[in-house]
$ cat final_1.cif   # mmCIF, C-alpha atoms and all ligand atoms
data_protein
loop_
_atom_site.group_PDB
_atom_site.id
_atom_site.type_symbol
_atom_site.label_atom_id
_atom_site.label_comp_id
_atom_site.auth_asym_id
_atom_site.auth_seq_id
_atom_site.Cartn_x
_atom_site.Cartn_y
_atom_site.Cartn_z
ATOM 1 C CA MET G 15 152.962 84.934 59.067
ATOM 2 C CA SER G 16 154.166 83.623 62.365
ATOM 3 C CA ILE G 17 151.716 82.698 65.040
ATOM 4 C CA LEU G 18 154.498 82.750 67.615
ATOM 5 C CA PRO G 19 154.484 85.570 70.150
ATOM 6 C CA ASN G 20 157.299 88.085 70.405
ATOM 7 C CA ILE G 21 159.964 86.920 72.829
ATOM 8 C CA VAL G 22 160.242 90.280 74.606
ATOM 9 C CA ASP G 23 156.466 90.338 75.114
ATOM 10 C CA VAL G 24 156.712 86.867 76.606
ATOM 11 C CA ALA G 25 159.474 87.976 78.984
ATOM 12 C CA LEU G 26 157.494 91.013 80.122
ATOM 13 C CA GLU G 27 154.220 89.126 80.491
ATOM 14 C CA HIS G 28 155.939 86.574 82.695
ATOM 15 C CA ASN G 29 157.579 89.212 84.846
ATOM 16 C CA LEU G 30 161.186 88.614 83.955
ATOM 17 C CA THR G 31 163.310 91.506 85.181
ATOM 18 C CA VAL G 32 164.364 93.405 82.099
ATOM 19 C CA LYS G 33 167.319 95.773 82.178
ATOM 20 C CA THR G 34 166.088 99.334 81.813
ATOM 21 C CA GLY G 35 166.998 100.898 78.521
ATOM 22 C CA THR G 36 167.555 97.699 76.589
ATOM 23 C CA ILE G 37 164.005 97.303 75.275
ATOM 24 C CA GLY G 38 163.956 98.080 71.561
ATOM 25 C CA LYS G 39 167.687 97.347 71.285
ATOM 26 C CA LYS G 40 169.084 94.462 69.284
ATOM 27 C CA GLU G 41 169.748 92.599 72.502
ATOM 28 C CA VAL G 42 167.252 92.905 75.305
ATOM 29 C CA LEU G 43 168.852 91.862 78.575
ATOM 30 C CA CYS G 44 167.088 90.331 81.534
ATOM 31 C CA LYS G 45 167.591 88.172 84.593
ATOM 32 C CA CYS G 46 167.956 84.516 83.686
ATOM 33 C CA PRO G 47 165.010 82.422 84.922
ATOM 34 C CA PHE G 48 166.883 79.180 84.217
ATOM 35 C CA CYS G 49 170.017 79.490 86.355
ATOM 36 C CA LEU G 50 169.067 82.511 88.526
ATOM 37 C CA GLU G 51 172.808 83.183 88.819
ATOM 38 C CA ASP G 52 172.248 86.902 88.315
ATOM 39 C CA SER G 53 169.350 87.198 90.752
ATOM 40 C CA ASN G 54 171.474 88.637 93.568
ATOM 41 C CA LYS G 55 173.757 90.699 91.376
ATOM 42 C CA PRO G 56 172.100 94.096 90.883
ATOM 43 C CA ASN G 57 173.851 95.038 87.663
ATOM 44 C CA LYS G 58 174.056 91.659 85.987
ATOM 45 C CA TYR G 59 171.567 90.431 83.388
ATOM 46 C CA TYR G 60 172.712 87.159 81.900
ATOM 47 C CA LEU G 61 169.773 86.353 79.629
ATOM 48 C CA SER G 62 169.881 87.990 76.222
ATOM 49 C CA LEU G 63 166.767 88.155 74.038
ATOM 50 C CA ASN G 64 167.012 88.726 70.322
ATOM 51 C CA GLU G 65 163.726 90.123 69.145
ATOM 52 C CA ASN G 66 164.481 89.774 65.406
ATOM 53 C CA LYS G 67 165.306 86.120 65.638
ATOM 54 C CA ASN G 68 162.879 85.533 68.503
ATOM 55 C CA VAL G 69 165.496 83.604 70.452
ATOM 56 C CA PHE G 70 167.156 83.725 73.861
ATOM 57 C CA LYS G 71 170.514 82.835 75.280
ATOM 58 C CA CYS G 72 171.979 82.939 78.770
ATOM 59 C CA TRP G 73 175.626 83.937 78.793
ATOM 60 C CA TYR G 74 176.115 82.222 82.110
ATOM 61 C CA CYS G 75 174.311 78.864 81.982
ATOM 62 C CA LYS G 76 174.371 78.690 78.158
ATOM 63 C CA LYS G 77 170.680 77.856 77.892
ATOM 64 C CA TYR G 78 169.388 78.959 74.523
ATOM 65 C CA GLY G 79 166.432 78.422 72.227
ATOM 66 C CA GLY G 80 163.399 79.957 70.608
ATOM 67 C CA VAL G 81 160.389 81.648 72.077
ATOM 68 C CA LEU G 82 158.519 78.362 72.445
ATOM 69 C CA LYS G 83 161.237 76.910 74.624
ATOM 70 C CA LEU G 84 161.175 79.952 76.859
ATOM 71 C CA LEU G 85 157.398 79.927 77.032
ATOM 72 C CA SER G 86 157.425 76.222 77.764
ATOM 73 C CA PHE G 87 159.787 76.784 80.707
ATOM 74 C CA LEU G 88 157.902 79.777 82.085
ATOM 75 C CA THR G 89 154.458 78.189 81.843
ATOM 76 C CA ASP G 90 155.469 74.602 82.503
ATOM 77 C CA GLN G 91 153.692 73.361 79.363
ATOM 78 C CA LYS G 92 154.886 71.181 76.535
ATOM 79 C CA GLU G 93 155.898 73.040 73.372
ATOM 80 C CA SER G 94 153.472 71.003 71.282
ATOM 81 C CA ASP G 95 150.602 71.986 73.610
ATOM 82 C CA ILE G 96 151.575 75.647 73.370
ATOM 83 C CA ILE G 97 151.580 75.461 69.577
ATOM 84 C CA GLU G 98 148.126 73.894 69.626
ATOM 85 C CA SER G 99 146.666 76.574 71.869
ATOM 86 C CA LEU G 100 148.325 79.329 69.817
ATOM 87 C CA ARG G 101 146.691 77.923 66.728
ATOM 88 C CA LYS G 102 143.317 77.920 68.407
ATOM 89 C CA GLN G 103 143.799 81.471 69.683
ATOM 90 C CA ASN G 104 144.636 82.607 66.197
ATOM 91 C CA GLY G 105 141.508 80.969 64.807
ATOM 92 C CA PHE G 106 143.951 79.219 62.631
ATOM 93 C CA SER G 107 143.209 75.627 61.880
ATOM 94 C CA TYR G 108 146.540 74.239 60.889
ATOM 95 C CA LYS G 109 146.318 71.816 58.011
ATOM 96 C CA LYS G 110 148.916 69.158 58.411
ATOM 97 C CA HIS G 111 151.227 68.466 55.514
ATOM 98 C CA PRO G 112 150.991 64.787 54.463
ATOM 99 C CA ALA G 113 154.541 64.255 55.716
ATOM 100 C CA GLU G 114 153.424 65.324 59.185
ATOM 101 C CA LYS G 115 150.674 62.727 59.119
ATOM 102 C CA LEU G 116 153.121 59.855 58.730
ATOM 103 C CA SER G 117 153.347 57.682 61.803
ATOM 104 C CA ARG G 118 156.525 57.196 63.824
ATOM 105 C CA ASN G 119 156.744 53.709 62.359
ATOM 106 C CA GLN G 120 156.317 54.917 58.781
ATOM 107 C CA LEU G 121 159.006 57.542 59.323
ATOM 108 C CA ARG G 122 161.283 54.888 60.753
ATOM 109 C CA MET G 123 160.851 52.752 57.632
ATOM 110 C CA ILE G 124 162.232 55.520 55.425
ATOM 111 C CA GLY G 125 165.106 56.279 57.760
ATOM 112 C CA PHE G 126 163.769 59.220 59.777
ATOM 113 C CA PRO G 127 162.990 57.741 63.196
ATOM 114 C CA ASN G 128 163.519 60.908 65.217
ATOM 115 C CA ILE G 129 161.738 63.721 63.449
ATOM 116 C CA ASN G 130 160.340 66.390 65.736
ATOM 117 C CA TRP G 131 158.218 68.573 63.458
ATOM 118 C CA VAL G 132 157.544 71.197 66.110
ATOM 119 C CA ASN G 133 161.229 71.725 66.835
ATOM 120 C CA ASN G 134 162.066 71.795 63.141
ATOM 121 C CA ARG G 135 159.427 74.378 62.478
ATOM 122 C CA GLU G 136 160.726 76.623 65.186
ATOM 123 C CA PHE G 137 164.350 76.254 64.211
ATOM 124 C CA ASP G 138 164.066 77.463 60.624
ATOM 125 C CA VAL G 139 160.766 77.644 58.775
ATOM 126 C CA ASP G 140 162.165 77.490 55.226
ATOM 127 C CA LEU G 141 164.423 74.595 56.020
ATOM 128 C CA TYR G 142 161.547 72.858 57.741
ATOM 129 C CA LYS G 143 159.297 73.219 54.703
ATOM 130 C CA ALA G 144 161.965 71.888 52.351
ATOM 131 C CA PHE G 145 162.679 68.999 54.680
ATOM 132 C CA ARG G 146 158.977 68.188 54.944
ATOM 133 C CA GLU G 147 158.738 67.970 51.143
ATOM 134 C CA HIS G 148 161.839 65.816 51.033
ATOM 135 C CA VAL G 149 160.493 63.398 53.634
ATOM 136 C CA TYR G 150 157.180 63.100 51.829
ATOM 137 C CA LYS G 151 158.862 62.394 48.480
ATOM 138 C CA GLU G 152 160.969 59.727 50.132
ATOM 139 C CA TRP G 153 157.826 58.167 51.528
ATOM 140 C CA LEU G 154 156.023 58.183 48.164
ATOM 141 C CA ALA G 155 159.035 56.600 46.480
ATOM 142 C CA PHE G 156 159.173 53.975 49.202
ATOM 143 C CA VAL G 157 155.469 53.126 48.846
ATOM 144 C CA ASP G 158 155.845 53.015 45.089
ATOM 145 C CA TYR G 159 158.653 50.510 45.409
ATOM 146 C CA GLN G 160 156.634 48.407 47.855
ATOM 147 C CA ARG G 161 153.719 48.393 45.396
ATOM 148 C CA LEU G 162 156.025 46.957 42.771
ATOM 149 C CA GLU G 163 157.216 44.319 45.241
ATOM 150 C CA ALA G 164 153.578 43.468 45.926
ATOM 151 C CA TYR G 165 152.989 43.230 42.189
ATOM 152 C CA GLN G 166 155.789 40.727 41.890
ATOM 153 C CA THR G 167 154.464 38.739 44.853
ATOM 154 C CA ILE G 168 150.967 38.477 43.352
ATOM 155 C CA TYR G 169 152.310 37.632 39.908
ATOM 156 C CA THR G 170 154.491 34.899 41.365
ATOM 157 C CA GLY G 171 151.452 33.612 43.267
ATOM 158 C CA ILE G 172 149.473 33.336 40.054
ATOM 159 C CA LEU G 173 152.210 31.398 38.249
ATOM 160 C CA THR G 174 152.856 29.047 41.162
ATOM 161 C CA ASN G 175 149.167 28.399 41.891
ATOM 162 C CA ASP G 176 149.472 30.050 45.267
ATOM 163 C CA TYR G 177 147.323 33.075 44.693
ATOM 164 C CA LYS G 178 145.829 32.960 48.201
ATOM 165 C CA GLY G 179 149.231 32.803 49.824
ATOM 166 C CA ALA G 180 150.376 35.764 47.750
ATOM 167 C CA ILE G 181 147.322 37.802 48.715
ATOM 168 C CA ALA G 182 147.995 37.033 52.385
ATOM 169 C CA LYS G 183 151.606 38.181 52.001
ATOM 170 C CA VAL G 184 150.558 41.471 50.468
ATOM 171 C CA GLU G 185 147.899 42.000 53.121
ATOM 172 C CA LYS G 186 150.554 41.516 55.760
ATOM 173 C CA LEU G 187 152.757 44.057 54.008
ATOM 174 C CA GLU G 188 149.839 46.492 53.870
ATOM 175 C CA LEU G 189 149.430 46.211 57.621
ATOM 176 C CA GLU G 190 153.111 46.806 58.239
ATOM 177 C CA LEU G 191 153.208 49.867 55.998
ATOM 178 C CA GLY G 192 149.823 51.265 56.900
ATOM 179 C CA VAL G 193 148.882 51.773 53.244
ATOM 180 C CA ASN G 194 146.678 50.036 50.684
ATOM 181 C CA LEU G 195 148.500 48.252 47.892
ATOM 182 C CA LEU G 196 146.355 45.315 46.857
ATOM 183 C CA ALA G 197 143.596 47.168 44.994
ATOM 184 C CA ASP G 198 146.111 48.973 42.764
ATOM 185 C CA VAL G 199 148.129 45.829 42.181
ATOM 186 C CA LEU G 200 145.109 43.722 41.206
ATOM 187 C CA LYS G 201 143.896 46.452 38.906
ATOM 188 C CA GLU G 202 147.239 46.641 37.167
ATOM 189 C CA ILE G 203 147.658 42.904 36.922
ATOM 190 C CA SER G 204 144.222 42.438 35.325
ATOM 191 C CA ASN G 205 144.979 45.102 32.772
ATOM 192 C CA ASP G 206 146.157 43.962 29.336
ATOM 193 C CA LYS G 207 148.576 46.812 29.129
ATOM 194 C CA ARG G 208 151.576 46.649 31.421
ATOM 195 C CA THR G 209 153.742 49.473 32.562
ATOM 196 C CA GLU G 210 157.347 48.991 31.657
ATOM 197 C CA ARG G 211 158.442 48.315 35.201
ATOM 198 C CA ALA G 212 155.609 45.822 35.732
ATOM 199 C CA SER G 213 156.749 43.982 32.595
ATOM 200 C CA GLU G 214 160.285 43.964 33.935
ATOM 201 C CA ARG G 215 159.102 42.388 37.157
ATOM 202 C CA GLU G 216 157.123 39.781 35.233
ATOM 203 C CA GLU G 217 160.134 38.881 33.137
ATOM 204 C CA PHE G 218 162.160 38.584 36.306
ATOM 205 C CA VAL G 219 159.597 36.144 37.707
ATOM 206 C CA HIS G 220 159.614 34.183 34.418
ATOM 207 C CA SER G 221 163.364 33.837 34.584
ATOM 208 C CA ILE G 222 163.263 32.568 38.151
ATOM 209 C CA LEU G 223 160.364 30.151 37.667
ATOM 210 C CA ASN G 224 161.357 29.282 34.161
ATOM 211 C CA LYS G 225 157.808 29.676 32.964
ATOM 212 C CA GLU G 226 155.505 32.311 31.564
ATOM 213 C CA HIS G 227 151.957 33.356 32.218
ATOM 214 C CA PRO G 228 149.520 31.670 29.770
ATOM 215 C CA PHE G 229 148.728 35.187 28.606
ATOM 216 C CA TYR G 230 152.117 35.343 26.883
ATOM 217 C CA THR G 231 151.932 31.921 25.209
ATOM 218 C CA LEU G 232 148.414 32.736 24.122
ATOM 219 C CA GLN G 233 149.605 35.917 22.492
ATOM 220 C CA SER G 234 152.475 34.256 20.654
ATOM 221 C CA SER G 235 150.212 31.457 19.375
ATOM 222 C CA ILE G 236 147.843 34.038 17.918
ATOM 223 C CA ILE G 237 150.711 35.683 16.106
HETATM 224 ZN ZN ZN K 1 171.206 81.310 82.968
#

$ encode --input "final_1.cif" --output "structure tokens" --more "lines below"
Ligand SMILES: [Zn+2]
Amino acid sequence: MSILPNIVDVALEHNLTVKTGTIGKKEVLCKCPFCLEDSNKPNKYYLSLNENKNVFKCWYCKKYGGVLKLLSFLTDQKESDIIESLRKQNGFSYKKHPAEKLSRNQLRMIGFPNINWVNNREFDVDLYKAFREHVYKEWLAFVDYQRLEAYQTIYTGILTNDYKGAIAKVEKLELELGVNLLADVLKEISNDKRTERASEREEFVHSILNKEHPFYTLQSSII
């Protein structure tokens, strides 16, 4: 269910001059508040409203957009503020999707520096929802990869007797990303059982340092 108002209602409430006889038609015509080019031409109505799509377009100045853009112009408010007050009016506390909680910086790190959720939502709701899911999956995959990098950093720190330095590196990474990694990494590293990808990273470290964790030599000496 949309919480957005009907575009024709918005036009009428804000006293746009609507052409008699067009209300209820597919295209509702009215005087364009953006360019005012039709204001002195009695029979001209350049702004067309499409009630089904809840959009407007001026045939003269080419301004177009959704109901929020029109409302924003007519009331001199930001679209994001209008959305917020509509939500409150509707007693509708909007629960943000985790993707929408990502910071500008976090979005930038996964290659989406310019997302405008409000505009996306207004443009096409289904597309917006799919895109939101996509962005969030990208973020989770990114964090997952960074956790593995942190794992490798800590493991290298242990083998090179620079555990403190490794912890500091991971803490710095945590700050940059705005997520916690260390607790998970330490838990995994102190576990006897390794995931396959953790083992791969360990082997990679062994090959670079040309040495193994005592854990491995211990195991082989028992066998
Ligand atoms: Zn116009």

$ residues_near_ligand --input "final_1.cif" --ligand "ligand ZN 1 (chain K)" --cutoff "8 Å" --atoms "only C-alpha atoms and all ligand atoms" --output "PyMOL selection string"
chain G and resi 45-52+60-61+71-77

$ resolve_selection --input "final_1.cif" --expression "the PyMOL selection byres (((chain G and resi 150) around 9) and not hetatm)" --output "PyMOL selection string"
chain G and resi 111-114+116+145-149+151-155

$ closest_residue --input "final_1.cif" --among "G:Val184, G:Leu100, G:Val219, G:Leu63" --to "Val32 in chain G" --atoms "all atoms listed in the file"
G:Leu63

$ closest_residue --input "final_1.cif" --among "G:Val24, G:Leu173, G:Met123, G:Ile97" --to "Phe70 in chain G" --atoms "only C-alpha atoms"
G:Val24

$ closest_residue --input "final_1.cif" --among "G:Glu136, G:Pro19, G:Ser62, G:Lys92" --to "Lys33 in chain G" --atoms "all atoms listed in the file"
G:Ser62

$ atom_distance --input "final_1.cif" --atom1 "CA of Arg101 in chain G" --atom2 "CA of Asn64 in chain G"
23.3 Å

$ residues_around --input "final_1.cif" --residues "Gly179 in chain G" --least-positions-apart "5" --cutoff "12 Å" --atoms "only C-alpha atoms" --output "list of chain:residue names"
G:Thr167, G:Ile168, G:Tyr169, G:Thr170, G:Gly171, G:Ile172, G:Thr174, G:Val184, G:Glu185, G:Lys186
